[in-house]
Amino acid sequence: MDLATFYNMYLTDVHLKKTGEQGTNLYKLIDEKIEEAMSYQYLSILSESLTPDEIELITRFSNFHHESNVQVVPFDLDKYPYLTFNHHLLFIGEDEGVIHEEVIDGILRSFGRQIELPTVREDIHLNNVDLNHAEYTTAVNLFEYPIIEYYNMLTREEQLYMIASYLNIEFEETTTRSQLINMISKHLTNRDVLKLILETMEEKERHAFLQKIEAGEILFTMEEYTWEEVMISGLVMPYQPGIAIINASIYDILKNAN
């Protein structure tokens with residue numbers, strides 16, 4: 001998604017209401033923000049004003065790459081004031097906001113920082129998939145990410161409902177996304193639940209899955225296997241076309257169980 005599409009889609013009255021700027025001329029504001037986001041000079045000035053929390057946010061999400069070029073990030077006016085009131089971190093609801101990766105990259109360049117490949121745990125590897133720099137970094141960080149944030153980043157609403165139904169989690173129409181993610185995370189880090197999932201899995205899939213866990217492979221491709229039950233149960237989640245990843249919280253339990 002390019003910058004123009006991003007600001008036209010996400011810079012809305014919903015965001016302006018959150019910042020107390022209802023009634024602002026959206027068309028003019030959108031044009032201004034697109035121009036700013038493309039300006040190295042502007043992003044350099046903005047970076048000098050950022051709070052430590054905002055710098056941490058930018059650095060943290062620089063380690064991820066999405067095909068849409070849009071990062072979904074936590075939204076907190078108190079922690080991220082300059083990004084928010086300058087309308088580059090845009091509120092979308094339920095304590096979530098979005099920021100375009102070109103803004104992240106532009107701010108990082110102004111810091112003069114270089115992003116290095118993260119260190120991989122000795123007991124895992126990503127050699128079964130050919131990854132570029134951004135994809136590699138994303139995979140390592142997703143694996144190590146807290147499991148709640150892992151599901152928050154990688155799931156759409158319909159995926160959450162599918163996983164919850166598979167796990168026989170009871171929820172209501174009023175159950176929020178955060179509550180559902182919490183319940184799923186607790187279930188999938190429960191040894192007994194994981195044992196039951198493996199026992200009900202088709203033998204060939206179970207064998208292929210556990211073989212990868214034993215080998216320390218955290219990436220799962222559709223070329224290796226269809227991974228139907230592994231996917232529908234939420235044990236692994238797609239993070240780019242044709243490739244899914246397991247989280248360390250689940251991987252470690254399964255690895256130790258074997």
# chains A, B, ... in the order shown; residues from 1 in each chain; ligands from 1

call {"tool": "residues_around", "arguments": {"residues": "Met9 (chain A)", "least_positions_apart": "4", "cutoff": "12 Å", "atoms": "only C-alpha atoms", "output": "PyMOL selection string"}}
result
chain A and resi 1-5+13-15+26-27+30+70+90-92+98-100

call {"tool": "select_by_dssp", "arguments": {"residues": "region 207-253 of chain A", "states": "strand (DSSP E)", "output": "MDAnalysis selection string"}}
result
chainID A and resid 219:221 236:240 243:246

call {"tool": "residues_around", "arguments": {"residues": "Leu43 (chain A)", "least_positions_apart": "5", "cutoff": "10 Å", "atoms": "only C-alpha atoms", "output": "short mmCIF file (atom, residue, chain, number, x, y, z; two decimals) with C-alpha atoms, in the first residue's frame"}}
result
data_model
loop_
_atom_site.label_atom_id
_atom_site.label_comp_id
_atom_site.auth_asym_id
_atom_site.auth_seq_id
_atom_site.Cartn_x
_atom_site.Cartn_y
_atom_site.Cartn_z
CA GLU A 36 5.41 15.13 5.03
CA ALA A 37 5.82 11.37 4.97
CA MET A 38 7.79 11.67 1.73
CA GLU A 48 14.13 14.89 17.15
CA VAL A 103 7.41 6.61 7.90
CA ILE A 104 9.18 4.10 10.15
CA ASP A 105 12.05 3.74 7.69
CA GLY A 106 12.35 7.50 7.18
CA ILE A 107 12.57 8.16 10.92
CA LEU A 108 15.15 5.40 11.36
CA ARG A 109 17.29 6.84 8.59
CA SER A 110 17.23 10.18 10.35
CA PHE A 111 18.57 8.47 13.47
#

call {"tool": "select_by_dssp", "arguments": {"residues": "region 88-232 of chain A", "states": "helix (DSSP H, G or I)", "output": "number ranges by chain"}}
result
A: 101-111, 133-144, 147-154, 157-166, 177-188, 191-200, 203-215, 228-232

call {"tool": "closest_residue", "arguments": {"among": "A:Trp227, A:Tyr80, A:Phe61, A:Phe75", "to": "Glu94 (chain A)", "atoms": "only C-alpha atoms"}}
result
A:Phe75

call {"tool": "residues_around", "arguments": {"residues": "Ile147 (chain A)", "least_positions_apart": "2", "cutoff": "7 Å", "atoms": "only C-alpha atoms", "output": "list of chain:residue names"}}
result
A:Tyr145, A:Glu149, A:Tyr150, A:Tyr151, A:Ser185, A:Asn247, A:Ser249

call {"tool": "write_last_selection", "arguments": {"atoms": "C-alpha atoms", "output": "PDB file, in the first residue's frame"}}
result
ATOM      1  CA  TYR A 145       7.290 -12.236  20.504  1.00  0.00           C
ATOM      2  CA  GLU A 149       1.130  -9.995  20.634  1.00  0.00           C
ATOM      3  CA  TYR A 150       1.930 -12.817  18.201  1.00  0.00           C
ATOM      4  CA  TYR A 151      -1.760 -13.665  17.746  1.00  0.00           C
ATOM      5  CA  SER A 185      -3.142 -17.963  24.206  1.00  0.00           C
ATOM      6  CA  ASN A 247       5.608 -19.052  18.466  1.00  0.00           C
ATOM      7  CA  SER A 249       5.805 -20.244  23.829  1.00  0.00           C
TER       8      SER A 249
END

call {"tool": "residues_around", "arguments": {"residues": "region 154-169 of chain A", "least_positions_apart": "4", "cutoff": "8 Å", "atoms": "only C-alpha atoms", "output": "ChimeraX atom specification"}}
result
/A:150,177,180-181,183-184,187,232-234,237-239

call {"tool": "closest_atom_pairs", "arguments": {"of": "region 139-174 of chain A", "to": "region 203-218 of chain A", "cutoff": "12 Å", "atoms": "only C-alpha atoms", "output": "JSON lines"}}
result
{"residue": "A:Ala139", "atom": "CA", "partner": "A:Ile218", "partner_atom": "CA", "distance": 8.7}
{"residue": "A:Val140", "atom": "CA", "partner": "A:Ile218", "partner_atom": "CA", "distance": 9.2}
{"residue": "A:Asn141", "atom": "CA", "partner": "A:Ile218", "partner_atom": "CA", "distance": 11.8}
{"residue": "A:Leu142", "atom": "CA", "partner": "A:Ile218", "partner_atom": "CA", "distance": 10.3}
{"residue": "A:Phe143", "atom": "CA", "partner": "A:Ile218", "partner_atom": "CA", "distance": 7.7}
{"residue": "A:Glu144", "atom": "CA", "partner": "A:Ile218", "partner_atom": "CA", "distance": 10.9}

call {"tool": "atom_distance", "arguments": {"atom1": "CA of Leu89 (chain A)", "atom2": "CA of Pro52 (chain A)"}}
result
15.5 Å

call {"tool": "atom_distance", "arguments": {"atom1": "CA of Ala244 (chain A)", "atom2": "CA of Leu219 (chain A)"}}
result
5.7 Å

call {"tool": "atom_distance", "arguments": {"atom1": "CA of Phe6 (chain A)", "atom2": "CA of Gln71 (chain A)"}}
result
10.9 Å

call {"tool": "residues_around", "arguments": {"residues": "Leu50 (chain A)", "least_positions_apart": "4", "cutoff": "12 Å", "atoms": "only C-alpha atoms", "output": "list in words"}}
result
Leu43, Ser44, Ile45, Leu46, Glu54, Ile55, Glu56, Leu57, Ile58, Thr59, Lys79, Tyr80, Pro81, Tyr82, Leu83, Thr84, Phe85, Asn86, Ile107, Leu108, Ser110 and Phe111 of chain A

call {"tool": "closest_residue", "arguments": {"among": "A:Leu77, A:Val129, A:Ile124, A:Ile250", "to": "Lys186 (chain A)", "atoms": "only C-alpha atoms"}}
result
A:Ile250
